[in-house]
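Down below is the structure, laid out as structure tokens.
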Protein chains: 2
Amino acid sequence: MTTTHPSSVDPPQSHRAQLEDAILEAARDFLAKGGVDALSMRAVAERVGVTATAIYHYFKNKQDLVDRVVRMGFERFGEYLERGMRAHPKGSLRRIQALGEAYLRFALENQAHFRVIFSIQPRHEQAVADLPEGGGYHLLRQSIVDAMHAGNLRRADPDLMSMYLWSSVHGLVTLTLSCAEPPTDGVRTPMSPVDLYEAFGPFLVDGIKPTPSGQSDGGEEQ
Amino acid sequence: MTTTHPSSVDPPQSHRAQLEDAILEAARDFLAKGGVDALSMRAVAERVGVTATAIYHYFKNKQDLVDRVVRMGFERFGEYLERGMRAHPKGSLRRIQALGEAYLRFALENQAHFRVIFSIQPRHEQAVADLPEGGGYHLLRQSIVDAMHAGNLRRADPDLMSMYLWSSVHGLVTLTLSCAEPPTDGVRTPMSPVDLYEAFGPFLVDGIKPTPSGQSDGGEEQ
DNA sequence: GTGTTAGGTTAACGCCGTTAAGTTAACGCT
DNA sequence: AGCGTTAACTTAACGGCGTTAACCTAACAC
């Protein structure tokens, strides 16, 4: 309704880019609420003040719109990882641990993105395929190689070790997201995922084999 | 069209139960093909030779139908776990390893069920909630307690250890299912999930800390 | 001033889950 | 035998979905 001035002072954000961003933002919100099913072209259109068909001038179809949101998520994902990593010295185990922690925090704080990215339905192959190359995988792998060279990590095939650590934290995250609903609810799980991640540390580092002394490090019953 | 005889010789399977089973079977097939989106009441109905609305005499709605399929999946899941467990003595690490292997095999061989059960969207809370109590969780937990008492497993809080091992194998499975499509395709992942699971064994048992001797057990580059 | 194009619109198609109302056959009962 | 009831299923319809086709209109190029 605002009489769109022919070209008012908005050189950084053209009208087009402005609307495109609005669509993406609305799409992300709906996606966050209930996944792909909760995102409808008509609802997004109404939110940004156009009709549904207008969206098709900006995105090829619904899948394309979702993919774009996922891509936005990946960028934020990378920021999480790099930020978490930079806080600890190269070659240290702490750096690897921080990567896992960042992975966990991203998943919890951006459940919409994470759910769409790692929806078990094998869509977004392209998006996931991007991950190993330019995304977070090479960060993890390089940190692992560094730690091995520094003598802080068991020497093994880096890709195998990467998959191992990745799947460890990924399992914790997905299990948490599968069983517990968004944090709106009260405490359902006995321990928070972050607490669990911390508690898993000794298992990961030292393994699950019995300690030589045989002492217990938890409340195991008689 | 078959002139349904008033009561021909079918005491074990009434006409009703027969149709219900057919609906469930068709629903499972569609679910397997492409998840919940690929399941439509009309398609299921056509497959079994009735109209869509007839299904509502057997199931409350689509969600109910999906839930019933999931429940069927859980039963089969339990069979996998028990079968894999029984092959190894109580208290042994092998028994726990076999549980993980069964988990993995179930997921790969029944991707439809697994995807629906652990779809990251937090539906099926009820179904997942059933799992810890009567399902596979207590099998894992008991095996862990046994192994701890037998001195084959590090002593720790059994629930913590259960979550750790569960999430380890769960992460491997979900990561595999996220990145690779169904086995129709050729070899995409460099290693099969089963191979990965085997290769992870030493990491799990002995941990990722450097070995005392510092020797490498994999192809780690210079 | 006119052609072109970007950026929308309305109308419609076919699919979806679901409900309401109607139909038809079988059964129980007197 | 006849009647009421009920189970099993149908057709018709509603509102919503993704998507396409056709149309409109204001801005710009020349």
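Chain lettering (A, B, ...) mirrors the order of the structure tokens, residue numbering begins at 1 for each chain separately, and ligand numbering begins at 1 in order of display.
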Per residue of chain C within 9 Å of stretch 15-30 of chain D, note the shortest atom pair and the distance in Å to one decimal, counting only C-alpha atoms (C1' of nucleotides), and order the rows by chain and increasing residue number, as JSON lines.
```
{"residue": "C:DG3", "atom": "C1'", "partner": "D:DA29", "partner_atom": "C1'", "distance": 9.0}
{"residue": "C:DT4", "atom": "C1'", "partner": "D:DA29", "partner_atom": "C1'", "distance": 8.3}
{"residue": "C:DT5", "atom": "C1'", "partner": "D:DC28", "partner_atom": "C1'", "distance": 8.4}
{"residue": "C:DA6", "atom": "C1'", "partner": "D:DA27", "partner_atom": "C1'", "distance": 8.5}
{"residue": "C:DG8", "atom": "C1'", "partner": "D:DT25", "partner_atom": "C1'", "distance": 8.5}
{"residue": "C:DT9", "atom": "C1'", "partner": "D:DC24", "partner_atom": "C1'", "distance": 6.9}
{"residue": "C:DT10", "atom": "C1'", "partner": "D:DC23", "partner_atom": "C1'", "distance": 8.1}
{"residue": "C:DA11", "atom": "C1'", "partner": "D:DA22", "partner_atom": "C1'", "distance": 8.7}
{"residue": "C:DA12", "atom": "C1'", "partner": "D:DA21", "partner_atom": "C1'", "distance": 8.6}
{"residue": "C:DC13", "atom": "C1'", "partner": "D:DT20", "partner_atom": "C1'", "distance": 8.3}
{"residue": "C:DC15", "atom": "C1'", "partner": "D:DC17", "partner_atom": "C1'", "distance": 7.9}
{"residue": "C:DC16", "atom": "C1'", "partner": "D:DC17", "partner_atom": "C1'", "distance": 6.8}
```
**Asked** Within 9 Å of chain B, which residues of chain C show up when using only C-alpha atoms (C1' of nucleotides), listed as a list of chain:residue names?
**Response**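 Taken together, these residues fit the definition: C:DC16, C:DG17, C:DT18, C:DA26.
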Return as CSV the residues of chain B lying at most 9 Å from chain D, together with the closest atom-to-atom pair for each and the distance in Å to one decimal, counting only C-alpha atoms (C1' of nucleotides), with rows in chain order and ascending residue number.
```
residue,atom,partner,partner_atom,distance
B:Val50,CA,D:DC9,C1',8.1
B:Thr51,CA,D:DT10,C1',7.8
B:Thr53,CA,D:DC9,C1',8.4
B:Ala54,CA,D:DC9,C1',6.1
B:His57,CA,D:DA8,C1',8.1
```
**Message:** Which residues are near stretch 72-84 of chain B? Cut-off 9 Å, only C-alpha atoms (C1' of nucleotides), ignore same chain within fewer than 3 positions. Put them as an MDAnalysis selection string.
**Reply:** chainID B and resid 67:69 87:88 95 98:103 105:107 110 112:114 117 127 131 135:136 139:140
**Request:** Mind the document's chain letters and residue numbers, and return as a VMD selection string the residues of stretch 7-116 of chain A that DSSP labels alpha helix (DSSP H).
**Result:** chain A and resid 15 to 34 41 to 48 62 to 86 93 to 109 111 to 116
What does the file look like for those residues with C-alpha atoms, as a compact mmCIF listing (two decimals), in the first residue's frame?
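Okay, part_32.txt is ready:
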```txt
# COMPACT_ATOMS: atom_id res chain seq x y z
CA HIS A 15 13.05 -3.01 -3.43
CA ARG A 16 13.55 -6.43 -4.92
CA ALA A 17 16.25 -7.53 -2.50
CA GLN A 18 14.21 -6.11 0.34
CA LEU A 19 11.17 -8.23 -0.50
CA GLU A 20 13.32 -11.28 -1.10
CA ASP A 21 14.80 -10.94 2.35
CA ALA A 22 11.36 -10.54 3.84
CA ILE A 23 10.23 -13.74 2.15
CA LEU A 24 13.26 -15.62 3.40
CA GLU A 25 12.74 -14.34 6.91
CA ALA A 26 9.08 -15.33 6.93
CA ALA A 27 9.94 -18.72 5.49
CA ARG A 28 12.51 -19.29 8.22
CA ASP A 29 9.96 -18.45 10.90
CA PHE A 30 7.38 -20.86 9.57
CA LEU A 31 10.03 -23.50 9.08
CA ALA A 32 11.08 -23.02 12.68
CA LYS A 33 7.56 -23.51 13.96
CA GLY A 34 6.83 -26.91 12.48
CA MET A 41 3.51 -20.34 0.07
CA ARG A 42 0.21 -18.62 0.76
CA ALA A 43 1.05 -18.02 4.41
CA VAL A 44 4.48 -16.65 3.61
CA ALA A 45 2.98 -14.41 0.96
CA GLU A 46 0.37 -13.04 3.32
CA ARG A 47 3.01 -12.38 5.94
CA VAL A 48 5.05 -10.22 3.57
CA LYS A 62 8.80 -24.20 -2.50
CA GLN A 63 11.79 -26.51 -2.49
CA ASP A 64 13.98 -23.72 -3.77
CA LEU A 65 12.73 -21.43 -1.03
CA VAL A 66 13.47 -24.04 1.62
CA ASP A 67 16.90 -24.66 0.14
CA ARG A 68 17.72 -20.98 0.37
CA VAL A 69 16.76 -20.93 4.04
CA VAL A 70 18.94 -23.97 4.60
CA ARG A 71 21.82 -22.21 2.89
CA MET A 72 21.40 -19.29 5.26
CA GLY A 73 21.55 -21.79 8.09
CA PHE A 74 24.82 -23.21 6.87
CA GLU A 75 26.43 -19.80 6.94
CA ARG A 76 25.41 -19.29 10.53
CA PHE A 77 26.55 -22.82 11.26
CA GLY A 78 30.01 -21.99 9.99
CA GLU A 79 30.13 -18.92 12.20
CA TYR A 80 29.32 -20.99 15.26
CA LEU A 81 32.06 -23.47 14.48
CA GLU A 82 34.75 -20.91 13.74
CA ARG A 83 33.91 -18.86 16.78
CA GLY A 84 33.99 -21.90 19.05
CA MET A 85 37.24 -23.07 17.56
CA ARG A 86 39.17 -19.83 17.69
CA LEU A 93 41.86 -31.41 22.47
CA ARG A 94 39.96 -28.43 23.85
CA ARG A 95 39.60 -27.06 20.34
CA ILE A 96 37.97 -30.27 19.16
CA GLN A 97 35.75 -30.31 22.19
CA ALA A 98 34.76 -26.71 21.45
CA LEU A 99 33.80 -27.71 17.93
CA GLY A 100 31.43 -30.31 19.30
CA GLU A 101 30.05 -27.83 21.75
CA ALA A 102 29.46 -25.31 18.96
CA TYR A 103 27.74 -28.00 16.92
CA LEU A 104 25.47 -28.72 19.85
CA ARG A 105 24.74 -25.08 20.56
CA PHE A 106 23.95 -24.34 16.95
CA ALA A 107 21.53 -27.24 16.84
CA LEU A 108 19.78 -26.16 20.00
CA GLU A 109 19.65 -22.46 19.22
CA GLN A 111 16.53 -25.94 15.67
CA ALA A 112 14.64 -24.84 12.58
CA HIS A 113 17.76 -24.75 10.45
CA PHE A 114 19.19 -27.88 11.95
CA ARG A 115 15.99 -29.85 11.52
CA VAL A 116 15.66 -28.89 7.91
```
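The two atoms in question, atom CA of A:Met191 and atom CA of B:Ile208, are spaced 24.2 Å apart.
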